[in-house]
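One file, my_file-v4.txt, carrying compact mmCIF, C-alpha atoms:
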# COMPACT_ATOMS: atom_id res chain seq x y z
CA GLY A 1 2.43 27.80 -13.72
CA SER A 2 3.47 29.80 -10.70
CA THR A 3 1.45 30.66 -7.62
CA ASP A 4 0.83 34.13 -6.27
CA GLY A 5 -0.85 35.12 -3.03
CA ASN A 6 -3.75 32.84 -2.20
CA GLU A 7 -3.99 31.38 -5.67
CA THR A 8 -3.46 27.66 -6.04
CA GLU A 9 -1.67 26.00 -8.92
CA GLU A 10 -3.93 24.07 -11.23
CA PRO A 11 -3.11 20.36 -11.52
CA GLU A 12 -1.41 19.39 -14.77
CA TYR A 13 -3.70 16.40 -15.29
CA THR A 14 -7.43 16.40 -14.57
CA PRO A 15 -10.01 13.77 -15.49
CA GLU A 16 -11.22 16.06 -18.28
CA ASN A 17 -7.86 16.72 -19.94
CA ALA A 18 -5.82 13.63 -19.07
CA ALA A 19 -6.62 11.53 -22.12
CA THR A 20 -5.79 14.38 -24.51
CA LYS A 21 -2.56 15.26 -22.71
CA ILE A 22 -1.43 11.64 -22.52
CA ALA A 23 -2.12 11.15 -26.22
CA SER A 24 0.14 14.11 -27.02
CA LEU A 25 3.20 13.01 -25.00
CA THR A 26 6.25 12.92 -27.28
CA PHE A 27 9.16 11.82 -25.07
CA LYS A 28 9.80 8.09 -25.39
CA GLY A 29 10.08 6.48 -21.98
CA HIS A 30 8.42 6.04 -18.60
CA TYR A 31 5.89 8.56 -17.27
CA ASP A 32 4.69 9.29 -13.73
CA ILE A 33 1.21 10.78 -14.07
CA GLY A 34 -0.91 12.15 -11.24
CA ILE A 35 -4.55 13.02 -11.94
CA GLU A 36 -6.48 15.34 -9.62
CA GLY A 37 -10.17 16.18 -9.51
CA GLN A 38 -13.56 14.55 -9.76
CA PHE A 39 -14.38 11.90 -12.35
CA SER A 40 -17.89 12.99 -13.35
CA ASN A 41 -18.20 9.75 -15.30
CA ILE A 42 -16.20 6.64 -14.47
CA GLU A 43 -16.00 5.82 -18.18
CA ILE A 44 -13.52 8.72 -18.46
CA LEU A 45 -10.99 6.38 -16.87
CA THR A 46 -11.41 3.99 -19.78
CA SER A 47 -10.50 6.75 -22.24
CA ILE A 48 -7.37 7.49 -20.22
CA ALA A 49 -6.35 3.83 -20.36
CA GLU A 50 -6.91 3.80 -24.12
CA ALA A 51 -4.71 6.88 -24.52
CA ILE A 52 -1.91 5.17 -22.60
CA ASN A 53 -2.20 2.07 -24.78
CA LYS A 54 -2.20 3.94 -28.09
CA ASN A 55 0.69 6.34 -27.47
CA GLU A 56 3.77 4.56 -28.80
CA ASN A 57 6.05 7.01 -26.98
CA ILE A 58 4.92 5.68 -23.59
CA THR A 59 6.97 2.62 -22.63
CA SER A 60 5.52 2.40 -19.10
CA VAL A 61 3.42 4.51 -16.76
CA SER A 62 2.83 4.90 -13.03
CA LEU A 63 -0.62 6.35 -12.42
CA ASP A 64 -1.43 8.21 -9.18
CA LEU A 65 -5.14 8.86 -8.61
CA SER A 66 -4.84 9.45 -4.85
CA ASN A 67 -5.99 13.08 -5.22
CA ALA A 68 -8.87 12.22 -7.52
CA GLU A 69 -12.50 11.35 -6.76
CA LEU A 70 -13.56 8.10 -8.41
CA SER A 71 -16.37 5.75 -7.39
CA GLY A 72 -15.15 2.63 -9.18
CA VAL A 73 -13.07 1.00 -11.91
CA PRO A 74 -15.42 -0.17 -14.70
CA ASN A 75 -15.34 -3.52 -16.49
CA ASP A 76 -12.31 -3.97 -18.79
CA THR A 77 -10.94 -0.46 -18.04
CA PHE A 78 -7.24 -1.36 -18.08
CA LYS A 79 -7.62 -4.75 -19.73
CA ASP A 80 -4.41 -5.67 -21.60
CA CYS A 81 -2.82 -2.31 -20.73
CA ILE A 82 0.69 -3.72 -20.76
CA LYS A 83 2.26 -0.30 -20.14
CA LEU A 84 0.69 0.15 -16.70
CA LYS A 85 3.42 -0.43 -14.10
CA THR A 86 1.88 0.89 -10.86
CA ILE A 87 -1.37 2.56 -9.88
CA ILE A 88 -2.73 4.23 -6.74
CA LEU A 89 -6.52 4.30 -6.46
CA PRO A 90 -8.19 7.06 -4.39
CA ASP A 91 -9.50 6.53 -0.88
CA ASN A 92 -12.28 8.45 0.86
CA LYS A 93 -11.68 12.06 1.86
CA ASP A 94 -13.19 13.69 4.93
CA ASN A 95 -15.52 16.55 4.06
CA GLY A 96 -15.09 18.08 7.52
CA TYR A 97 -18.69 17.35 8.53
CA GLY A 98 -18.31 13.76 9.68
CA THR A 99 -18.85 12.09 6.31
CA SER A 100 -16.43 10.94 3.64
CA TYR A 101 -16.48 10.89 -0.15
CA GLY A 102 -14.43 10.24 -3.28
CA GLY A 103 -13.04 6.73 -2.73
CA VAL A 104 -13.18 3.76 -5.07
CA LYS A 105 -15.83 1.27 -3.94
CA SER A 106 -15.55 -1.42 -6.59
CA ILE A 107 -13.07 -2.92 -9.02
CA ASN A 108 -15.22 -4.54 -11.65
CA GLN A 109 -14.84 -7.53 -13.94
CA ASN A 110 -11.53 -7.76 -15.84
CA ALA A 111 -10.65 -4.21 -14.81
CA PHE A 112 -6.91 -4.94 -14.77
CA ALA A 113 -6.89 -8.29 -16.57
CA GLY A 114 -3.84 -8.83 -18.74
CA CYS A 115 -1.81 -5.98 -17.23
CA THR A 116 1.36 -8.04 -17.49
CA SER A 117 3.68 -5.18 -16.42
CA LEU A 118 1.69 -4.19 -13.32
CA THR A 119 3.97 -4.73 -10.33
CA SER A 120 2.08 -3.01 -7.50
CA ILE A 121 -1.26 -1.39 -6.78
CA THR A 122 -2.55 0.64 -3.85
CA LEU A 123 -6.16 -0.13 -2.97
CA PRO A 124 -8.34 2.08 -0.73
CA ALA A 125 -10.10 1.19 2.50
CA SER A 126 -13.30 2.44 0.84
CA LEU A 127 -13.25 -0.63 -1.41
CA ASN A 128 -16.27 -2.92 -1.02
CA GLY A 129 -15.82 -5.36 -3.87
CA ILE A 130 -13.27 -6.93 -6.24
CA TYR A 131 -15.11 -8.75 -8.99
CA MET A 132 -14.50 -11.72 -11.25
CA GLY A 133 -11.27 -11.69 -13.21
CA ALA A 134 -10.29 -8.19 -12.04
CA PHE A 135 -6.61 -9.17 -11.89
CA ASP A 136 -6.48 -12.19 -14.19
CA GLY A 137 -3.17 -12.46 -16.01
CA CYS A 138 -1.33 -9.84 -13.93
CA THR A 139 1.78 -11.99 -14.01
CA SER A 140 4.17 -9.32 -12.64
CA LEU A 141 1.97 -8.24 -9.73
CA THR A 142 3.95 -8.89 -6.54
CA THR A 143 2.63 -6.31 -4.06
CA ILE A 144 -0.75 -4.91 -3.07
CA HIS A 145 -0.89 -2.02 -0.61
CA PHE A 146 -4.29 -2.05 1.10
CA ASN A 147 -5.31 0.96 3.17
CA GLY A 148 -7.68 -1.15 5.24
CA THR A 149 -7.36 -4.00 7.70
CA GLU A 150 -6.69 -7.68 7.12
CA GLU A 151 -10.22 -8.48 8.29
CA LYS A 152 -11.75 -6.34 5.57
CA TRP A 153 -9.35 -7.63 2.94
CA ASN A 154 -10.44 -11.19 3.63
CA THR A 155 -14.03 -10.21 2.82
CA LEU A 156 -13.00 -8.58 -0.47
CA ASN A 157 -10.59 -11.01 -2.08
CA GLY A 158 -12.58 -13.87 -3.52
CA GLU A 159 -11.14 -16.88 -5.31
CA ASP A 160 -12.27 -15.56 -8.70
CA SER A 161 -10.60 -12.12 -8.46
CA GLY A 162 -7.42 -13.33 -10.13
CA ILE A 163 -5.18 -12.25 -7.26
CA ASP A 164 -2.50 -14.89 -6.71
CA GLU A 165 -2.30 -16.24 -3.17
CA ASN A 166 1.47 -15.60 -3.11
CA ILE A 167 1.15 -11.85 -3.70
CA ASN A 168 2.49 -9.80 -0.78
CA ILE A 169 -0.21 -7.70 0.93
CA ASN A 170 0.80 -4.61 2.92
CA TYR A 171 -1.95 -3.65 5.35
CA LEU A 172 -1.53 0.08 5.79
CA THR A 173 -4.15 0.44 8.53
CA SER A 174 -3.20 -0.87 11.96
CA TYR A 175 -4.52 -0.46 15.46
CA PRO A 176 -2.22 0.24 18.43
CA VAL A 177 -1.82 -2.71 20.79
CA LEU A 178 -0.20 -3.28 24.16
CA ALA A 179 3.14 -5.09 24.28
CA LYS A 180 1.68 -7.92 26.35
CA ASP A 181 -0.95 -8.61 23.67
CA ALA A 182 1.39 -8.42 20.68
CA PRO A 183 2.64 -12.07 20.64
CA SER A 184 -0.88 -13.49 20.38
CA ILE A 185 -1.71 -11.02 17.61
CA ILE A 186 1.41 -12.06 15.70
CA GLN A 187 0.37 -15.70 16.07
CA SER A 188 -2.93 -14.85 14.35
CA TYR A 189 -1.24 -13.58 11.17
CA SER A 190 -2.53 -15.86 8.43
CA ASN A 191 -1.63 -14.24 5.10
CA ASN A 192 1.51 -13.81 3.03
CA ALA A 193 1.74 -10.11 3.87
CA ASN A 194 3.64 -7.34 5.58
CA TYR A 195 1.88 -6.51 8.84
CA ILE A 196 2.30 -3.14 10.54
CA LEU A 197 2.39 -3.70 14.30
CA VAL A 198 2.09 -0.54 16.40
CA ILE A 199 2.95 -1.00 20.08
CA VAL A 200 1.92 1.58 22.70
CA GLY A 201 2.31 1.89 26.47
CA VAL A 202 4.94 0.17 28.58
CA CYS A 203 7.23 -2.26 26.78
CA THR A 204 9.84 -4.09 28.86
CA GLU A 205 12.87 -5.95 27.56
CA ASP A 206 11.20 -9.28 28.33
CA GLN A 207 8.07 -8.25 26.45
CA LEU A 208 10.20 -7.23 23.46
CA LYS A 209 11.89 -10.64 23.53
CA ASN A 210 8.45 -12.31 23.53
CA ILE A 211 7.42 -10.23 20.52
CA VAL A 212 10.56 -11.24 18.60
CA GLU A 213 10.08 -14.89 19.57
CA ALA A 214 6.53 -14.79 18.20
CA MET A 215 7.85 -13.24 14.97
CA ASN A 216 10.44 -16.00 14.65
CA CYS A 217 7.67 -18.60 14.98
CA ILE A 218 5.70 -17.32 11.97
CA GLN A 219 5.31 -20.28 9.61
CA ILE A 220 3.84 -18.62 6.50
CA SER A 221 6.47 -18.02 3.84
CA GLY A 222 6.93 -14.36 2.93
CA THR A 223 5.16 -12.93 5.98
CA THR A 224 6.99 -9.94 7.49
CA VAL A 225 6.35 -7.45 10.29
CA SER A 226 7.00 -3.71 10.43
CA LEU A 227 7.39 -2.99 14.14
CA ASP A 228 6.57 0.48 15.47
CA LEU A 229 7.78 1.05 19.05
CA TYR A 230 7.72 4.85 18.84
CA GLY A 231 4.80 5.23 21.28
CA THR A 232 6.22 2.95 23.97
CA THR A 233 7.85 3.75 27.30
CA GLY A 234 10.15 1.80 29.60
CA LEU A 235 12.49 0.41 26.95
CA THR A 236 15.95 1.76 27.80
CA GLU A 237 17.98 -0.69 25.75
CA ILE A 238 17.67 -3.44 23.20
CA PRO A 239 18.87 -6.75 24.67
CA ASP A 240 21.96 -8.36 23.16
CA ASN A 241 21.22 -10.37 20.02
CA CYS A 242 17.53 -9.54 20.38
CA PHE A 243 16.81 -9.41 16.66
CA GLU A 244 19.61 -11.69 15.52
CA ASN A 245 18.51 -13.72 12.48
CA CYS A 246 14.99 -12.32 12.76
CA THR A 247 14.23 -12.53 9.06
CA ARG A 248 10.55 -11.68 9.61
CA LEU A 249 11.38 -8.12 10.64
CA ALA A 250 11.00 -5.74 7.68
CA LYS A 251 11.28 -2.39 9.48
CA ILE A 252 11.49 -1.03 13.00
CA ILE A 253 10.82 2.36 14.58
CA LEU A 254 12.48 2.79 17.95
CA PRO A 255 11.01 4.92 20.77
CA LEU A 256 12.10 8.56 20.83
CA SER A 257 13.83 8.10 24.19
CA TYR A 258 16.04 5.45 22.65
CA LEU A 259 17.13 7.22 19.48
CA ALA A 260 20.62 8.02 20.73
CA PRO A 261 24.18 7.57 19.43
CA PHE A 262 24.79 4.54 21.65
CA ILE A 263 22.67 2.26 19.46
CA LEU A 264 24.96 -0.66 18.66
CA VAL A 265 24.91 -1.95 15.13
CA HIS A 266 25.80 -5.50 16.16
CA LEU A 267 22.46 -5.89 17.92
CA PHE A 268 20.59 -5.93 14.62
CA CYS A 269 20.30 -8.32 11.71
CA GLU A 270 18.28 -7.60 8.59
CA ILE A 271 16.74 -4.47 10.12
CA LYS A 272 15.83 -1.20 8.42
CA LEU A 273 15.36 1.92 10.50
CA LEU A 274 12.72 4.41 9.39
What do you get writing this file as structure tokens?
Amino acid sequence: GSTDGNETEEPEYTPENAATKIASLTFKGHYDIGIEGQFSNIEILTSIAEAINKNENITSVSLDLSNAELSGVPNDTFKDCIKLKTIILPDNKDNGYGTSYGGVKSINQNAFAGCTSLTSITLPASLNGIYMGAFDGCTSLTTIHFNGTEEKWNTLNGEDSGIDENININYLTSYPVLAKDAPSIIQSYSNNANYILVIVGVCTEDQLKNIVEAMNCIQISGTTVSLDLYGTTGLTEIPDNCFENCTRLAKIILPLSYLAPFILVHLFCEIKLL
């Protein structure tokens, strides 16, 4: 529908109507489905998963629950849901009074077991537990985006969760650090993951070289770094060959003062600019 004045458009999918709407989809193919609103009962999610499974017109589905309110994923909710390709689980929202609400706190036993088409999942920082067999048999799962820190992730991911140790973890929460401290932080990286490293304050050419050297010394296969230099000062140029053959660098954000036409392409190797 359209909007007029101060009216807001109603979401197409809500927890209450999602299962019925999904069951009635007639186009054969992939669907991107976003569900907004509060799950008054977490078992409603199970009925949505069943509707996805039973509709023969759905070949695959990407489910976005980021604008929903859901306390947890019950036992066996998406078990053997081979059509589920990606899913984003909701994180806490700020109520404006200093408290938060609405985020998933637990992923219970066998919640996603047997989801053989699941390639990526976004997990919230509100998460407090991943239980036995939650991701058993997710043979296509290659990437987990976690909105929290590595420290918290290490407390969540037990050996019996079913998450393969070779899965790439993207930690989406990072804390700004000084350039002088960055090499030691890089040396502490201990998981097969993409780490977001935000540098603030003064960053000299020598300090940048030290950061790159530390990245080049990472021993864990598959570990990459997304380097954010946007909040730094003092870096007027990138030294020659600074990032040459730096295969650990996934992305880089240069400081505003440096984003100028004189950036030379030959300085970079395997670098993506955001």
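CA of Ser188 (chain A) lies 22.1 Å from CA of Val202 (chain A).
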Which polymer residues have any atom within 7 Å of an atom of Gln109 (chain A), counting only C-alpha atoms, with same-chain residues fewer than 4 positions away left out, as a compact mmCIF listing (two decimals) with C-alpha atoms, in the coordinates of the input?
# COMPACT_ATOMS: atom_id res chain seq x y z
CA ASN A 75 -15.34 -3.52 -16.49
CA ASP A 76 -12.31 -3.97 -18.79
CA TYR A 131 -15.11 -8.75 -8.99
CA MET A 132 -14.50 -11.72 -11.25
CA GLY A 133 -11.27 -11.69 -13.21
CA ALA A 134 -10.29 -8.19 -12.04
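The interatomic distance for the pair CA of Ile35 (chain A) and CA of Gly102 (chain A) works out to 13.4 Å.
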Please provide as a list in words all residues within 9 Å of region 169-173 of chain A, with the sequence filter that same-chain residues fewer than 3 positions apart are discarded (counting all atoms listed in the file). Ala125, Thr142, Thr143, Ile144, His145, Phe146, Asn147, Gly148, Thr149, Glu150, Trp153, Asn191, Asn192, Ala193, Asn194, Tyr195 and Ile196 of chain A
Nearby residues (all atoms listed in the file) at most 10 Å from Ser190 (chain A), same-chain spacing under 5 positions excluded, as a VMD selection string: chain A and resid 150 218 to 220 223
So which one's closest to Leu235 (chain A), A:Cys203, A:Leu249, A:Cys217, A:Leu178? Using only C-alpha atoms, please.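 For Leu235 (chain A), the nearest of the candidates is A:Cys203.
Our summary of the geometry notes that CA of Val61 (chain A) is positioned 7.2 Å from CA of Ile33 (chain A).
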For region 178-189 of chain A, I'd like the enclosing box, axis-aligned and padded by 5 Å on every side, reported as AutoDock Vina command-line options with centre and edge lengths in Å to one decimal.
--center_x 0.1 --center_y -9.5 --center_z 18.8 --size_x 16.1 --size_y 22.4 --size_z 25.2
Where atoms are absent from region 168-179 of chain A, fill them in so it carries all heavy atoms, then output it as a PDB file, in the coordinates of the input.
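That gives us part26.pdb:
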ATOM      1  N   ASN A 168       2.266 -10.407  -2.080  1.00  0.00           N
ATOM      2  CA  ASN A 168       2.490  -9.800  -0.780  1.00  0.00           C
ATOM      3  C   ASN A 168       1.489  -8.664  -0.546  1.00  0.00           C
ATOM      4  O   ASN A 168       1.356  -7.763  -1.373  1.00  0.00           O
ATOM      5  CB  ASN A 168       3.919  -9.249  -0.692  1.00  0.00           C
ATOM      6  CG  ASN A 168       4.252  -8.722   0.676  1.00  0.00           C
ATOM      7  OD1 ASN A 168       4.064  -9.404   1.682  1.00  0.00           O
ATOM      8  ND2 ASN A 168       4.735  -7.495   0.733  1.00  0.00           N
ATOM      9  N   ILE A 169       0.762  -8.736   0.579  1.00  0.00           N
ATOM     10  CA  ILE A 169      -0.210  -7.700   0.930  1.00  0.00           C
ATOM     11  C   ILE A 169       0.348  -6.857   2.063  1.00  0.00           C
ATOM     12  O   ILE A 169       0.748  -7.379   3.102  1.00  0.00           O
ATOM     13  CB  ILE A 169      -1.555  -8.318   1.390  1.00  0.00           C
ATOM     14  CG1 ILE A 169      -2.031  -9.411   0.417  1.00  0.00           C
ATOM     15  CG2 ILE A 169      -2.613  -7.229   1.531  1.00  0.00           C
ATOM     16  CD1 ILE A 169      -2.375  -8.918  -0.950  1.00  0.00           C
ATOM     17  N   ASN A 170       0.410  -5.543   1.854  1.00  0.00           N
ATOM     18  CA  ASN A 170       0.800  -4.610   2.920  1.00  0.00           C
ATOM     19  C   ASN A 170      -0.466  -3.978   3.469  1.00  0.00           C
ATOM     20  O   ASN A 170      -1.152  -3.240   2.760  1.00  0.00           O
ATOM     21  CB  ASN A 170       1.732  -3.516   2.389  1.00  0.00           C
ATOM     22  CG  ASN A 170       3.111  -4.039   2.068  1.00  0.00           C
ATOM     23  OD1 ASN A 170       3.696  -4.779   2.844  1.00  0.00           O
ATOM     24  ND2 ASN A 170       3.630  -3.680   0.905  1.00  0.00           N
ATOM     25  N   TYR A 171      -0.776  -4.265   4.729  1.00  0.00           N
ATOM     26  CA  TYR A 171      -1.950  -3.650   5.350  1.00  0.00           C
ATOM     27  C   TYR A 171      -1.519  -2.327   5.966  1.00  0.00           C
ATOM     28  O   TYR A 171      -0.753  -2.291   6.924  1.00  0.00           O
ATOM     29  CB  TYR A 171      -2.522  -4.585   6.434  1.00  0.00           C
ATOM     30  CG  TYR A 171      -2.948  -5.911   5.869  1.00  0.00           C
ATOM     31  CD1 TYR A 171      -2.225  -7.063   6.136  1.00  0.00           C
ATOM     32  CD2 TYR A 171      -4.060  -6.011   5.044  1.00  0.00           C
ATOM     33  CE1 TYR A 171      -2.607  -8.285   5.609  1.00  0.00           C
ATOM     34  CE2 TYR A 171      -4.445  -7.233   4.505  1.00  0.00           C
ATOM     35  CZ  TYR A 171      -3.716  -8.357   4.788  1.00  0.00           C
ATOM     36  OH  TYR A 171      -4.092  -9.564   4.260  1.00  0.00           O
ATOM     37  N   LEU A 172      -2.010  -1.240   5.391  1.00  0.00           N
ATOM     38  CA  LEU A 172      -1.530   0.080   5.790  1.00  0.00           C
ATOM     39  C   LEU A 172      -2.327   0.677   6.944  1.00  0.00           C
ATOM     40  O   LEU A 172      -1.977   1.731   7.456  1.00  0.00           O
ATOM     41  CB  LEU A 172      -1.570   1.029   4.577  1.00  0.00           C
ATOM     42  CG  LEU A 172      -0.774   0.534   3.365  1.00  0.00           C
ATOM     43  CD1 LEU A 172      -0.808   1.576   2.247  1.00  0.00           C
ATOM     44  CD2 LEU A 172       0.668   0.228   3.738  1.00  0.00           C
ATOM     45  N   THR A 173      -3.411   0.015   7.353  1.00  0.00           N
ATOM     46  CA  THR A 173      -4.150   0.440   8.530  1.00  0.00           C
ATOM     47  C   THR A 173      -3.870  -0.531   9.660  1.00  0.00           C
ATOM     48  O   THR A 173      -3.980  -1.733   9.496  1.00  0.00           O
ATOM     49  CB  THR A 173      -5.669   0.465   8.261  1.00  0.00           C
ATOM     50  OG1 THR A 173      -5.943   1.463   7.282  1.00  0.00           O
ATOM     51  CG2 THR A 173      -6.441   0.809   9.528  1.00  0.00           C
ATOM     52  N   SER A 174      -3.471  -0.013  10.815  1.00  0.00           N
ATOM     53  CA  SER A 174      -3.200  -0.870  11.960  1.00  0.00           C
ATOM     54  C   SER A 174      -3.712  -0.190  13.212  1.00  0.00           C
ATOM     55  O   SER A 174      -3.827   1.034  13.272  1.00  0.00           O
ATOM     56  CB  SER A 174      -1.698  -1.140  12.081  1.00  0.00           C
ATOM     57  OG  SER A 174      -0.987   0.072  12.173  1.00  0.00           O
ATOM     58  N   TYR A 175      -4.011  -0.988  14.211  1.00  0.00           N
ATOM     59  CA  TYR A 175      -4.520  -0.460  15.460  1.00  0.00           C
ATOM     60  C   TYR A 175      -3.487  -0.651  16.558  1.00  0.00           C
ATOM     61  O   TYR A 175      -2.909  -1.733  16.681  1.00  0.00           O
ATOM     62  CB  TYR A 175      -5.838  -1.155  15.825  1.00  0.00           C
ATOM     63  CG  TYR A 175      -6.910  -0.974  14.786  1.00  0.00           C
ATOM     64  CD1 TYR A 175      -7.230  -1.984  13.896  1.00  0.00           C
ATOM     65  CD2 TYR A 175      -7.587   0.237  14.683  1.00  0.00           C
ATOM     66  CE1 TYR A 175      -8.201  -1.806  12.931  1.00  0.00           C
ATOM     67  CE2 TYR A 175      -8.563   0.420  13.725  1.00  0.00           C
ATOM     68  CZ  TYR A 175      -8.869  -0.598  12.852  1.00  0.00           C
ATOM     69  OH  TYR A 175      -9.825  -0.417  11.886  1.00  0.00           O
ATOM     70  N   PRO A 176      -3.213   0.373  17.366  1.00  0.00           N
ATOM     71  CA  PRO A 176      -2.220   0.240  18.430  1.00  0.00           C
ATOM     72  C   PRO A 176      -2.599  -0.870  19.406  1.00  0.00           C
ATOM     73  O   PRO A 176      -3.768  -1.032  19.764  1.00  0.00           O
ATOM     74  CB  PRO A 176      -2.247   1.615  19.110  1.00  0.00           C
ATOM     75  CG  PRO A 176      -2.820   2.548  18.093  1.00  0.00           C
ATOM     76  CD  PRO A 176      -3.798   1.729  17.312  1.00  0.00           C
ATOM     77  N   VAL A 177      -1.597  -1.628  19.845  1.00  0.00           N
ATOM     78  CA  VAL A 177      -1.820  -2.710  20.790  1.00  0.00           C
ATOM     79  C   VAL A 177      -0.809  -2.609  21.924  1.00  0.00           C
ATOM     80  O   VAL A 177       0.249  -1.988  21.782  1.00  0.00           O
ATOM     81  CB  VAL A 177      -1.710  -4.094  20.115  1.00  0.00           C
ATOM     82  CG1 VAL A 177      -2.738  -4.237  19.006  1.00  0.00           C
ATOM     83  CG2 VAL A 177      -0.308  -4.314  19.569  1.00  0.00           C
ATOM     84  N   LEU A 178      -1.120  -3.234  23.041  1.00  0.00           N
ATOM     85  CA  LEU A 178      -0.200  -3.280  24.160  1.00  0.00           C
ATOM     86  C   LEU A 178       0.849  -4.361  23.913  1.00  0.00           C
ATOM     87  O   LEU A 178       0.584  -5.375  23.266  1.00  0.00           O
ATOM     88  CB  LEU A 178      -0.950  -3.564  25.456  1.00  0.00           C
ATOM     89  CG  LEU A 178      -1.974  -2.504  25.889  1.00  0.00           C
ATOM     90  CD1 LEU A 178      -2.723  -2.976  27.129  1.00  0.00           C
ATOM     91  CD2 LEU A 178      -1.294  -1.170  26.158  1.00  0.00           C
ATOM     92  N   ALA A 179       2.038  -4.149  24.488  1.00  0.00           N
ATOM     93  CA  ALA A 179       3.140  -5.090  24.280  1.00  0.00           C
ATOM     94  C   ALA A 179       2.779  -6.494  24.728  1.00  0.00           C
ATOM     95  O   ALA A 179       3.142  -7.482  24.086  1.00  0.00           O
ATOM     96  CB  ALA A 179       4.390  -4.588  25.004  1.00  0.00           C
TER      97      ALA A 179
END
